[in-house]
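Q: First the structure, which I've put down as structure tokens, then a few questions once you've had a look.
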Amino acid sequence: GEVAQSGGELFRIIRQGRLEWRAEVLAADLPRIAPGQEATLSLPGGASASGTVRSVDPTLSTRTRTTIVRIDLPPGGGARAGMFASGDIAAGEPTAATTIPAAALVVRDGRNLVFTVEDGDVVRERRVAVGRRRGDRIEVTSGLDATARIVASGGAFLGDGDRVAVAP
């Protein structure tokens with residue numbers, strides 16, 4: 001009962017039970033992903049499946065700045081065609097990272113800022129570069145010392161040089 005559109009998919013064939021996960025990956029993570037790496041999927045209902053990176057698409061979406069990484073899944077796993085899944089790609093050894101709470105990051109005029117608490121409880125504005133995000137934590141790749149005291153929330157209401165009361 002459906003009218004076929006020009007260039008539209010008419011049907012899909014699954015050859016020998018082969019499935020692939022088409023993962024959307026941010027451009028910043030692409031340099032660490034290569035064919036042959038292992039991937040673990042979290043499926044609905046708490047099940048999991050594993051696979052291997054087959055290919056990385058050569059183009060990025062201009063809207064989302066992501067690309068598709070194709071991961072082959074072995075037959076007989078818990079994954080099914082059309083199922084939504086999320087997962088992780090084992091992109092090499094984990095590296096230590098400086099992270100901050102997401103609420104500590106302030107975006108002003110297109111710049112990422114963090115306020116640090118200096119001597120005398122005065123705050124200083126620091127421009128930072130950010131990387132990966134996981135849950136409510138954001139990786140800071142440059143612009144912030146790992147031992148710096150930061151304003152954890154409410155930074156949007158502060159200005160450089162303001163005096164604050166530090167909570168214990």
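Chain labels follow the order of the structure tokens: the first chain is A, the next B, and so on; residue numbering restarts at 1 in every chain, and ligands are counted from 1 in their shown order.
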Could you give me, as a list in words, the residues within 12 Å of Gly120 of chain A, counting only C-alpha atoms and dropping anything in the same chain fewer than 2 positions from it?
A: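 The contact residues come out as Thr116, Val117, Glu118, Val122, Val123, Arg124, Gly161, Asp162, Arg163, Val164, Ala165 and Val166 of chain A.
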Q: Can you pull out the residues contacting Leu41 of chain A? Cut-off 10 Å, using only C-alpha atoms, and skip same-chain residues under 2 positions away; I want them as JSON, numbers by chain.
A: {"A": [21, 23, 39, 43, 44, 47, 48, 49, 50, 51, 71, 73, 78, 79, 84, 85, 86, 87, 88, 89]}
Q: Write out as a list in words which residues come within 7 Å of Arg22 of chain A when counting only C-alpha atoms, dropping same-chain ones fewer than 4 positions away.
A: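 That gives Ile68, Val69, Arg70 and Ile71 of chain A.
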Q: Report as a ChimeraX atom specification all protein, DNA and RNA residues lying within 10 Å of segment 125-140 of chain A, evaluated on only C-alpha atoms, omitting residues in the same chain fewer than 2 positions from it.
A: /A:26,28-29,96-107,111-117,123,142-146,150,155,158-162
Q: Ala34 of chain A: which residues within 10 Å, counting only C-alpha atoms, same-chain residues fewer than 6 positions away excluded, as a ChimeraX atom specification?
A: /A:52-56,69,89-92
Q: Could you write out that same residue set with N, CA and C atoms as a CSV table (one decimal), in the first residue's frame?
A:
chain,number,residue,atom,x,y,z
A,52,THR,N,33.0,-5.8,16.1
A,52,THR,CA,34.3,-5.3,15.6
A,52,THR,C,34.1,-4.1,14.6
A,53,VAL,N,34.8,-3.1,14.8
A,53,VAL,CA,34.7,-1.9,13.8
A,53,VAL,C,35.1,-2.4,12.4
A,54,ARG,N,34.2,-2.2,11.5
A,54,ARG,CA,34.5,-2.6,10.1
A,54,ARG,C,35.0,-1.4,9.3
A,55,SER,N,34.3,-0.2,9.4
A,55,SER,CA,34.7,0.9,8.7
A,55,SER,C,34.2,2.2,9.3
A,56,VAL,N,34.8,3.3,8.9
A,56,VAL,CA,34.5,4.7,9.4
A,56,VAL,C,34.1,5.5,8.2
A,69,VAL,N,30.2,5.1,12.2
A,69,VAL,CA,31.2,4.0,12.4
A,69,VAL,C,30.4,2.7,12.3
A,89,ILE,N,33.3,2.0,22.1
A,89,ILE,CA,34.3,1.4,21.2
A,89,ILE,C,35.7,1.5,22.0
A,90,ALA,N,36.3,0.3,22.1
A,90,ALA,CA,37.6,0.3,22.8
A,90,ALA,C,38.7,0.9,21.9
A,91,ALA,N,38.9,2.2,22.1
A,91,ALA,CA,39.7,3.1,21.2
A,91,ALA,C,41.1,3.2,21.8
A,92,GLY,N,41.7,2.2,22.2
A,92,GLY,CA,43.1,2.3,22.8
A,92,GLY,C,43.0,2.4,24.3
Q: To one decimal in Å, tell me the separation between atom CA of Pro75 of chain A and atom CA of Ser42 of chain A.
A: 16.4 Å
Q: Calculated over only C-alpha atoms, which of the candidates A:Ala27, A:Leu19, A:Ala156, A:Ala148 has the smallest distance to Thr67 of chain A?
A: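 That would be A:Ala27, the residue with the smallest distance to Thr67 of chain A.
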Q: Using DSSP on the backbone coordinates, identify the residues of chain A assigned to strand (DSSP E or B); present them as a PyMOL selection string.
A: chain A and resi 19-26+38-42+48-56+66-73+86-89+98-101+106-108+111-117+122-127+129-134+137-142+150+163
Q: So what do you get for atom CA of Asp72 of chain A versus atom CA of Arg18 of chain A, distance-wise?
A: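 These atoms are spaced 7.6 Å apart.
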Q: Quick one: pick out all helix (DSSP H, G or I) residues within segment 54-149 of chain A from a backbone DSSP run and write them as a ChimeraX atom specification.
A: /A:102-104,119-121
Q: Please report the interatomic distance between atom CA of Glu20 of chain A and atom CA of Gly36 of chain A in Å with one decimal.
A: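 Pair atom CA of Glu20 of chain A / atom CA of Gly36 of chain A returns 13.8 Å.
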